[in-house]
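Take a look at the structure set out below.
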Amino acid sequence: MSRVSTGRTAVATPAAVRTRIRGRRRDAGAIWRGLFFASAIFLVISIAAIMVMIGRPAIALFAQVRPWAFLFGRVWAPEHGLYGVLPFFAGSLAATGMALLIGGPLGLAGAIYLAKLATPRAQRVMRPAIQLLAGIPSVVYGWVGLTALVPFIRRHSGHVTGFGLLAAGIVLGVMVLPTFISLAEDALRAVPQDIEHGSLALGTTRWQTIAHVIIPAAWPGIAAAGILGLARAIGETMAVQMVLGNSPVIPTGLIVPASTLTSEIVLEMGSTPQGSPANNALFAMGLLLLLVSLGLIVAVRATRREATAGVREAH
């Protein structure tokens with residue numbers, strides 16, 4: 001009997017109460033699983049819709065312009081039917097590479113300090129400062145670069161303008177620091193303490209342990225941080241546009257004006273008629289950026305798989 005009658009009142013037994021609670025938990029779990037599944041489906045549909053929206057104009061362009069001429073053409077002159085994006089793609093890669101060269105070592109050093117060397121008081125001061133860097137709008141970075149960094153480079157390099165990859169790389173390198181430091185610090189903290197203590201017990205110094213034990217063990221997370229920083233840098237628009245010079249040529253030096261895919265899209269999007277080949281070419285640039293981001297994500301997953309395989313072999 002699930003209930004015991006006492007006069008007019010039916011009293012539930014403990015077994016019935018437990019059954020009712022389990023039923024409610026199952027119902028709540030089913031509701032939450034349904035919400036999570038719907039959210040995942042919504043994300044997939046959104047990504048597919050973005051790819052279709054960007055891909056249709058790009059396909060329309062490739063019906064008129066050969067993909068080879070689009071990807072490897074050196075001249076961007078829509079008025080003459082020339083839609084070569086190699087200068088912009090090379091500028092994007094060069095600016096992103098400069099950002100990684102500048103921000104990568106600084107970010108790794110900051111992550112090591114916060115994860116393994118900083119006192120609790122220093123951590124309480126530095127973490128909010130890093131989060132503040134992440135919250136600064138990109139146009140502010142670009143304005144600082146335009147008013148302070150570019151004149152400094154012009155004054156000390158003797159170049160006419162001071163615009164170029166050096167200024168863009170420094171600005172982007174500072175912008176990716178919060179992302180890189182936060183993710184790399186999490187990766188360093190995720191290394192088991194037993195590994196670190198075992199290395200120290202063998203007689204190694206703290207710096208030897210960090211360099212030869214902790215960093216290799218945390219390398220998948222550090223690599224993921226670097227790749228996500230690259231994704232942030234290659235998709236940046238305003239800051240790069242303000243300090244790079246916006247010249248549609250392949251970069252040949254650090255202090256030579258150049259341009260990127262994102263900056264050219266911003267400059268040209270408002271002045272090209274909808275559905276024209278020039279407008280379709282801008283959508284094709286966006287598709288190229290999307291494919292590059294997809295490639296970075298695949299690189300992250302490949303790095304993680306390789307690291308996991310290495311750990312299994314070591315065990």
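Ligands are numbered from 1 in the order shown, chains are lettered A, B, ... in the order of the structure tokens, and residues start at 1 in each chain.
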
If we count only C-alpha atoms, what is near region 227-238 of chain A at a cut-off of 10 Å, once residues fewer than 4 positions away on the same chain are taken out, given as a compact mmCIF listing (two decimals) with N, CA and C atoms, in the first residue's frame?
# COMPACT_ATOMS: atom_id res chain seq x y z
N PHE A 89 45.04 39.02 -47.83
CA PHE A 89 45.26 37.78 -47.09
C PHE A 89 46.67 37.75 -46.51
N GLY A 91 48.44 40.38 -45.78
CA GLY A 91 48.46 41.35 -44.70
C GLY A 91 47.84 40.81 -43.42
N SER A 92 46.74 40.07 -43.55
CA SER A 92 46.10 39.47 -42.38
C SER A 92 47.04 38.48 -41.71
N LEU A 93 47.67 37.61 -42.49
CA LEU A 93 48.57 36.62 -41.92
C LEU A 93 49.79 37.28 -41.29
N ALA A 94 50.33 38.31 -41.96
CA ALA A 94 51.52 38.97 -41.43
C ALA A 94 51.20 39.71 -40.12
N ALA A 95 50.09 40.43 -40.09
CA ALA A 95 49.71 41.15 -38.86
C ALA A 95 49.44 40.18 -37.73
N THR A 96 48.78 39.06 -38.04
CA THR A 96 48.49 38.07 -37.00
C THR A 96 49.78 37.41 -36.51
N GLY A 97 50.69 37.11 -37.44
CA GLY A 97 51.96 36.54 -37.03
C GLY A 97 52.77 37.48 -36.15
N MET A 98 52.76 38.78 -36.48
CA MET A 98 53.44 39.76 -35.63
C MET A 98 52.81 39.81 -34.25
N ALA A 99 51.48 39.75 -34.21
CA ALA A 99 50.80 39.77 -32.91
C ALA A 99 51.20 38.57 -32.07
N LEU A 100 51.32 37.39 -32.69
CA LEU A 100 51.71 36.21 -31.95
C LEU A 100 53.16 36.30 -31.49
N GLY A 103 52.86 39.11 -28.64
CA GLY A 103 52.00 38.78 -27.51
C GLY A 103 52.22 37.40 -26.94
N GLY A 104 52.71 36.45 -27.75
CA GLY A 104 52.89 35.08 -27.28
C GLY A 104 53.87 34.96 -26.12
N PRO A 137 37.45 48.61 -25.54
CA PRO A 137 37.02 48.47 -26.95
C PRO A 137 38.21 48.54 -27.90
N SER A 138 38.08 47.83 -29.01
CA SER A 138 39.19 47.78 -29.96
C SER A 138 39.49 49.14 -30.57
N VAL A 139 38.47 49.99 -30.70
CA VAL A 139 38.71 51.31 -31.28
C VAL A 139 39.61 52.14 -30.36
N VAL A 140 39.56 51.89 -29.05
CA VAL A 140 40.44 52.61 -28.12
C VAL A 140 41.89 52.18 -28.34
N TYR A 141 42.10 50.87 -28.52
CA TYR A 141 43.45 50.40 -28.85
C TYR A 141 43.93 51.05 -30.14
N GLY A 142 43.06 51.08 -31.14
CA GLY A 142 43.45 51.69 -32.40
C GLY A 142 43.75 53.17 -32.26
N TRP A 143 42.97 53.88 -31.44
CA TRP A 143 43.20 55.31 -31.25
C TRP A 143 44.53 55.56 -30.55
N ALA A 168 50.68 47.55 -36.22
CA ALA A 168 49.54 46.63 -36.12
C ALA A 168 49.87 45.44 -35.23
N GLY A 169 51.09 44.91 -35.36
CA GLY A 169 51.48 43.76 -34.55
C GLY A 169 51.55 44.10 -33.07
N VAL A 171 49.84 46.52 -31.49
CA VAL A 171 48.47 46.74 -31.01
C VAL A 171 47.75 45.41 -30.85
N LEU A 172 47.83 44.55 -31.86
CA LEU A 172 47.16 43.26 -31.77
C LEU A 172 47.78 42.37 -30.69
N GLY A 173 49.10 42.47 -30.52
CA GLY A 173 49.76 41.68 -29.49
C GLY A 173 49.25 42.03 -28.10
N MET A 175 46.27 43.33 -27.55
CA MET A 175 44.86 42.96 -27.50
C MET A 175 44.64 41.48 -27.21
N VAL A 176 45.56 40.61 -27.67
CA VAL A 176 45.36 39.17 -27.45
C VAL A 176 45.92 38.71 -26.11
N LEU A 177 46.61 39.59 -25.39
CA LEU A 177 47.20 39.19 -24.11
C LEU A 177 46.16 38.66 -23.12
N PRO A 178 45.02 39.33 -22.90
CA PRO A 178 44.07 38.79 -21.92
C PRO A 178 43.61 37.38 -22.25
N THR A 179 43.28 37.13 -23.51
CA THR A 179 42.83 35.79 -23.91
C THR A 179 43.94 34.76 -23.68
N PHE A 180 45.13 35.09 -24.14
CA PHE A 180 46.25 34.14 -24.04
C PHE A 180 46.61 33.87 -22.59
N ILE A 181 46.71 34.93 -21.78
CA ILE A 181 47.13 34.76 -20.38
C ILE A 181 46.10 33.93 -19.61
N LEU A 183 43.78 31.71 -20.66
CA LEU A 183 43.72 30.30 -21.05
C LEU A 183 45.01 29.56 -20.72
N GLY A 221 46.98 23.00 -23.80
CA GLY A 221 46.21 24.18 -23.42
C GLY A 221 46.87 25.47 -23.84
N ILE A 222 48.20 25.52 -23.77
CA ILE A 222 48.93 26.72 -24.20
C ILE A 222 48.78 26.91 -25.70
N ALA A 223 48.89 25.80 -26.45
CA ALA A 223 48.71 25.90 -27.90
C ALA A 223 47.30 26.34 -28.25
N MET A 242 43.14 51.33 -38.29
CA MET A 242 43.63 52.65 -37.88
C MET A 242 45.14 52.76 -37.88
N VAL A 243 45.87 51.64 -37.85
CA VAL A 243 47.34 51.74 -37.72
C VAL A 243 48.08 51.04 -38.85
N THR A 260 44.31 44.44 -44.63
CA THR A 260 43.87 43.09 -44.25
C THR A 260 42.49 42.83 -44.82
N LEU A 261 42.06 41.59 -44.73
CA LEU A 261 40.73 41.22 -45.22
C LEU A 261 39.64 41.99 -44.48
N THR A 262 39.75 42.05 -43.16
CA THR A 262 38.70 42.71 -42.38
C THR A 262 38.64 44.20 -42.66
N SER A 263 39.78 44.85 -42.72
CA SER A 263 39.78 46.29 -42.96
C SER A 263 39.25 46.63 -44.34
N GLU A 264 39.56 45.82 -45.33
CA GLU A 264 39.06 46.08 -46.68
C GLU A 264 37.55 45.87 -46.76
N ILE A 265 37.05 44.87 -46.05
CA ILE A 265 35.60 44.66 -46.02
C ILE A 265 34.89 45.88 -45.44
N VAL A 266 35.43 46.41 -44.35
CA VAL A 266 34.81 47.58 -43.72
C VAL A 266 34.88 48.79 -44.65
N GLY A 286 34.83 37.38 -46.57
CA GLY A 286 34.29 36.90 -45.30
C GLY A 286 34.28 35.39 -45.22
N LEU A 289 37.75 34.24 -44.41
CA LEU A 289 38.02 34.39 -42.98
C LEU A 289 37.35 33.29 -42.17
N LEU A 290 36.13 32.94 -42.56
CA LEU A 290 35.42 31.88 -41.86
C LEU A 290 36.15 30.55 -42.00
N VAL A 292 39.34 30.17 -42.53
CA VAL A 292 40.57 30.25 -41.73
C VAL A 292 40.27 29.97 -40.26
N SER A 293 39.18 30.54 -39.75
CA SER A 293 38.79 30.28 -38.36
C SER A 293 38.49 28.80 -38.15
N LEU A 294 37.82 28.19 -39.12
CA LEU A 294 37.55 26.75 -39.03
C LEU A 294 38.84 25.96 -39.01
N GLY A 295 39.81 26.38 -39.82
CA GLY A 295 41.10 25.70 -39.82
C GLY A 295 41.81 25.83 -38.48
N LEU A 296 41.68 26.99 -37.82
CA LEU A 296 42.29 27.16 -36.50
C LEU A 296 41.65 26.24 -35.48
N ILE A 297 40.33 26.08 -35.56
CA ILE A 297 39.64 25.18 -34.64
C ILE A 297 40.10 23.74 -34.87
N ALA A 299 42.94 22.88 -35.99
CA ALA A 299 44.31 22.79 -35.47
C ALA A 299 44.31 22.59 -33.96
N VAL A 300 43.39 23.26 -33.25
CA VAL A 300 43.29 23.06 -31.80
C VAL A 300 42.97 21.61 -31.48

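Closest to Thr272 (chain A) among A:Gln131, A:Glu79, A:Ala224, A:Ile214 is A:Glu79, based on only C-alpha atoms.
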
TODO: With a distance cut-off of 12 Å and only C-alpha atoms, select the neighbouring residues of Leu200 (chain A), excluding the residue or stretch itself and same-chain residues fewer than 4 positions from it, and output the selection as a PyMOL selection string.
DONE: chain A and resi 193-196+204-210+212-214

Task: Among the residues A:Pro257, A:Pro192, A:Pro216, A:Gly203, the one that comes closest to Gly162 (chain A) [using only C-alpha atoms] - done: A:Pro257

Task: Å distance separating CA of Met269 (chain A) from CA of Leu282 (chain A), one decimal place - done: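 Computing the Euclidean distance for CA of Met269 (chain A) and CA of Leu282 (chain A) yields 7.1 Å.
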
- [ ] Could you tell me how far CA of Ala111 (chain A) lies from CA of Glu185 (chain A), in Å and to one decimal?
- [x] 4.6 Å

Task: Residue list (helix (DSSP H, G or I), DSSP) for region 9-217 of chain A, as a PyMOL selection string - done: chain A and resi 14-62+67-72+78-80+86-117+120-135+138-157+165-189+193-201+206-217
